[in-house]
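Enquirer: I have a structure here, written as structure tokens, and I will follow up with some questions on it.
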Amino acid sequence: MILRVVLALAMMAGVARAESITLASTTSVDNSGLMAVILPVFTKATGIEVRVLAQGTGQALATAARGDADLALVHDPEAEAKFMAEGHGTTKREIAWNDFLFVGPKGDPAKIAGTRDAIAALKAVAAAKVPFVSRGDASGTNALELRLWKAAGIVPKGADWYRDIGGGMGAALNAAAAMDAVTITDRGTWLSFRNRRELVEQVAGDAALINRYDVIELKPNGQAPEKLAAAKKFADWLCAPEGQAAIGAYVLEGQKLFNPSAK
Amino acid sequence: MLTLWHSLPGEGLEDLPQIVGLSLAVSGGATVLAAVLGVLFAAWLAFTRFAGRRAVVVGLNALLGLPPVVVGLVLYLLLSRQGPLGALGLLFTPGAMVVAQATLATPIVAALAHRVLEANWERFGRALAASGAGRWRSVRPLLGMSRRALLTAVLAGFGRTVSEVGAVLVVGGNIAGHTRTMTTAIALETSKGNLDLALGLGFVLIGISVTVSATVVLLGEARS
């Protein structure tokens, strides 16, 4: 009985092993709708199905390092450098960029609306003790936020206005909307987010807020060679003119969400 | 409900039949597994006597509160390519989700089934034995007279599986078109701020769950 079940499950897994790869990606490229737009183009051209496992960058890299994915698409330069240094990845290529921005309640209690300096904005938030929502989940966005606090010379952890929600970008935006808090978001998720309530864009345009997305091919760690070969095809496609055009063509509310930037 | 169909053009909704189908297949498969394993275990526990049986019963009942996210995590580590069962290639597949949900539902079915089987064994076991039936020949009539309560036990297991999100999210990965179920879709739409759509999906899930349970109960009543 149990043997038969195991066999049946293994068969289900076998079916899943047909021409498909698993992409460990940051949530923003999936939740923003980008993957839903560009993947059909790639699948049509190559017959390869891409299964998107949308996780925060920290979790996505951990999944990739364990060999549970065939390719990684993430956005945290420091975590990526560590990942490469530890030998989990073979090549890393930038495919697109957009930016992070501060969003906060319309009333602007921190008086930061319209400014460009990210570090000054954090200092203003801390000085006015305006509620601030942190992802707290080792995602790329969370890593950027922590770097900015460090640069500002502030240790927000433990302050009662600092709300570490330990969740995804969407959860953080929902929380910020509910408690009239300031938070930092990637533009892709923000533009596609549907529960903004009083939240508006407040700080953007600082060079420190640039958000780069890299595709990382993985060192074999148990994956079938044909999976990694198919993953390389997808990585190549993302960097090739066809993939770059597909990324650049994704527009929401008149704004381009991701700027193709493969070299 | 109208807002469900108005809230978003396209995305999410055209996949709805597939998501519903996967939810039913995964939870249904897990429930069948849990029903077979749970009732067998409960019957064995009710009809046999051995040292330490009481401890097993207590342990079984304690497992009623098994946290889905922990079950998901442990299975993740087992099924991960670097884990002991990694060679099966089950992680992030519907198969892994079935195993996770069956793990959660089996103790529920077993504990509830054990309660009724043990009571019926104590009440009728001696009579059955006196009528010449051996211990194991008595099993079938006892299961038969416990049928309704066993059905309730299985439905409780189904309720656990169809409503659970923590375990399937960890071992399934909520991959669109592959491992996205009703519960993980609801969590995802909530995180995208599509609260209308998330709520609509929630009502669809409740509708499905209630319909399945009611159908099973009615079929059970009709047969008895």
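We label chains A, B, ... in the order they appear in the structure tokens, count residues from 1 in each chain, and number ligands from 1 in the order shown.
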At a cut-off of 6 Å, list the chain B residues touching chain A, using only C-alpha atoms, as a list in words.

Expert: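 So the contacting residues turn out to be Arg81, Leu90, Gly95, Gly173, Ile175, Ser191, Lys192, Gly193 and Asn194 of chain B.
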
Enquirer: Find the residues near stretch 80-95 of chain A: any atom within 12 Å, counting only C-alpha atoms, skip ones fewer than 6 places away on the same chain, and give them as a compact mmCIF listing (two decimals) with C-alpha atoms, in the first residue's frame.

Expert:
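Contents of the output file part09.txt:
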# COMPACT_ATOMS: atom_id res chain seq x y z
CA VAL A 29 9.31 40.00 -10.30
CA THR A 57 15.88 37.02 -1.97
CA GLY A 58 17.34 35.44 1.17
CA GLN A 59 15.06 32.42 0.97
CA ALA A 60 15.43 32.17 -2.83
CA LEU A 61 19.22 32.00 -2.55
CA ALA A 62 18.95 29.40 0.23
CA THR A 63 16.63 27.31 -1.95
CA ALA A 64 19.05 27.64 -4.87
CA ALA A 65 22.07 26.74 -2.75
CA ARG A 66 20.36 23.54 -1.61
CA GLY A 67 19.86 22.51 -5.22
CA ALA A 69 15.89 25.24 -7.88
CA ASP A 70 17.57 25.40 -11.29
CA LEU A 71 18.10 29.16 -11.54
CA ALA A 72 17.91 32.22 -9.28
CA LEU A 73 16.59 35.71 -10.02
CA VAL A 74 17.26 38.04 -7.10
CA SER A 139 14.72 39.90 1.44
CA GLY A 140 16.57 42.20 -0.95
CA ALA A 143 18.71 44.22 3.18
CA ASN A 211 17.29 48.22 -7.45
CA ARG A 212 19.17 45.79 -9.69
CA TYR A 213 17.89 42.36 -10.65
CA ASP A 214 20.42 39.65 -11.40
CA VAL A 215 19.98 36.20 -12.87
CA ILE A 216 22.35 33.64 -11.38
CA GLU A 217 23.17 30.29 -12.96
CA LEU A 218 23.82 27.62 -10.39
CA LYS A 219 26.60 25.22 -9.72
CA PRO A 220 25.20 21.68 -10.03
CA ASN A 221 24.01 20.42 -6.66
CA LEU A 228 20.56 23.32 -15.67
CA ALA A 231 17.96 27.11 -17.03
CA LYS A 232 20.95 28.49 -18.91
CA PHE A 234 16.33 30.97 -19.94
CA ALA A 235 19.13 33.07 -18.44
CA ASP A 236 20.55 33.66 -21.92
CA TRP A 237 17.11 34.58 -23.21
CA LEU A 238 16.57 37.10 -20.39
CA CYS A 239 19.81 38.83 -21.43
CA ALA A 240 19.19 38.54 -25.17
CA PRO A 241 17.33 41.18 -27.21
CA GLY A 243 13.98 38.80 -23.41
CA GLN A 244 15.09 42.37 -22.84
CA ALA A 245 12.36 43.62 -25.16
CA ALA A 246 9.76 41.54 -23.32
CA ILE A 247 10.89 42.97 -19.97
CA GLY A 248 10.87 46.54 -21.28
CA PHE A 258 11.48 47.17 -15.10
CA ASN A 259 14.18 48.79 -17.23
CA PRO A 260 16.07 46.16 -19.22
CA SER A 261 19.79 46.55 -18.57
CA ALA A 262 21.64 43.41 -19.67
CA LYS A 263 25.12 44.25 -20.89

Enquirer: Among the residues of stretch 6-125 of chain B, find those DSSP assigns to alpha helix (DSSP H) from the backbone and print them as an MDAnalysis selection string.

Expert: chainID B and resid 6:7 16:47 53:62 68:79 94:125

Enquirer: Excluding same-chain residues fewer than 6 positions from A:Asp117, what lies within 8 Å of it counting only C-alpha atoms, as a list in words?

Expert: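 Once the nearby chain positions are removed, what remains is Val203, Ala204, Gly205 and Asp206 of chain A.
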
Enquirer: Name the closest residue to A:Lys227 among the candidates A:Ile48, A:Ile154, A:Ala120, A:Leu39; distances are taken between atoms, counting only C-alpha atoms.

Expert: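 Of A:Ile48, A:Ile154, A:Ala120, A:Leu39, the one nearest A:Lys227 is A:Ile48, counting only C-alpha atoms.
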
Enquirer: Atom CA of B:Leu22 and atom CA of B:Ala185, how far apart in Å?

Expert: 11.5 Å

Enquirer: Excluding B:Pro94 and any residue of its chain fewer than 3 positions from it, enumerate the residues within 7 Å of it, using only C-alpha atoms, and give them as a short mmCIF file (atom, residue, chain, number, x, y, z; two decimals) with N, CA, C and O atoms, in the first residue's frame.

Expert:
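Result written to selection-v7.cif:
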data_model
loop_
_atom_site.label_atom_id
_atom_site.label_comp_id
_atom_site.auth_asym_id
_atom_site.auth_seq_id
_atom_site.Cartn_x
_atom_site.Cartn_y
_atom_site.Cartn_z
N VAL B 26 -5.40 17.52 -4.42
CA VAL B 26 -4.42 17.38 -3.34
C VAL B 26 -5.11 17.02 -2.02
O VAL B 26 -4.75 16.06 -1.35
N MET B 97 2.76 17.94 -1.62
CA MET B 97 1.65 18.56 -0.90
C MET B 97 0.70 17.49 -0.35
O MET B 97 0.15 17.63 0.75
N VAL B 98 0.48 16.43 -1.14
CA VAL B 98 -0.37 15.33 -0.68
C VAL B 98 0.23 14.69 0.58
O VAL B 98 -0.47 14.47 1.57
N GLY B 172 5.07 23.05 -1.38
CA GLY B 172 4.56 23.21 -2.75
C GLY B 172 5.17 24.42 -3.43
O GLY B 172 5.46 24.40 -4.62
N THR B 179 1.55 24.30 -8.46
CA THR B 179 1.28 23.95 -7.06
C THR B 179 0.47 25.04 -6.34
O THR B 179 0.51 25.14 -5.13
#

Enquirer: Write out as a compact mmCIF listing (two decimals) with N, CA and C atoms, in the first residue's frame which residues come within 7 Å of A:Ile184 when counting only C-alpha atoms, dropping same-chain ones fewer than 6 positions away.

Expert:
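In the end it all went to out-v6.txt:
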# COMPACT_ATOMS: atom_id res chain seq x y z
N PHE A 100 13.83 51.58 -5.67
CA PHE A 100 13.06 51.51 -4.44
C PHE A 100 12.51 52.90 -4.16
N LEU A 101 11.42 52.96 -3.44
CA LEU A 101 10.90 54.26 -3.05
C LEU A 101 10.32 54.18 -1.65
N PHE A 102 10.23 55.33 -1.00
CA PHE A 102 9.54 55.40 0.29
C PHE A 102 8.08 55.69 0.00
N VAL A 103 7.20 54.96 0.64
CA VAL A 103 5.79 55.33 0.60
C VAL A 103 5.34 55.59 2.03

Enquirer: At a cut-off of 9 Å, using only C-alpha atoms, what residues contact A:Pro40? Leave out same-chain residues fewer than 5 positions from it and give the result as an MDAnalysis selection string.

Expert: chainID A and resid 35 45 49

Enquirer: Counting only C-alpha atoms, which of A:Lys157, A:Arg116, A:Lys106, A:Lys129 gets nearest to A:Asp180?

Expert: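 Among A:Lys157, A:Arg116, A:Lys106, A:Lys129, it is A:Lys106 that comes nearest to A:Asp180.
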
Enquirer: With distances taken over only C-alpha atoms, which residue among B:Val204, B:Leu219, B:Val74, B:Leu128 lies nearest B:Pro141?

Expert: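 Selected residue with least distance to B:Pro141: B:Leu128.
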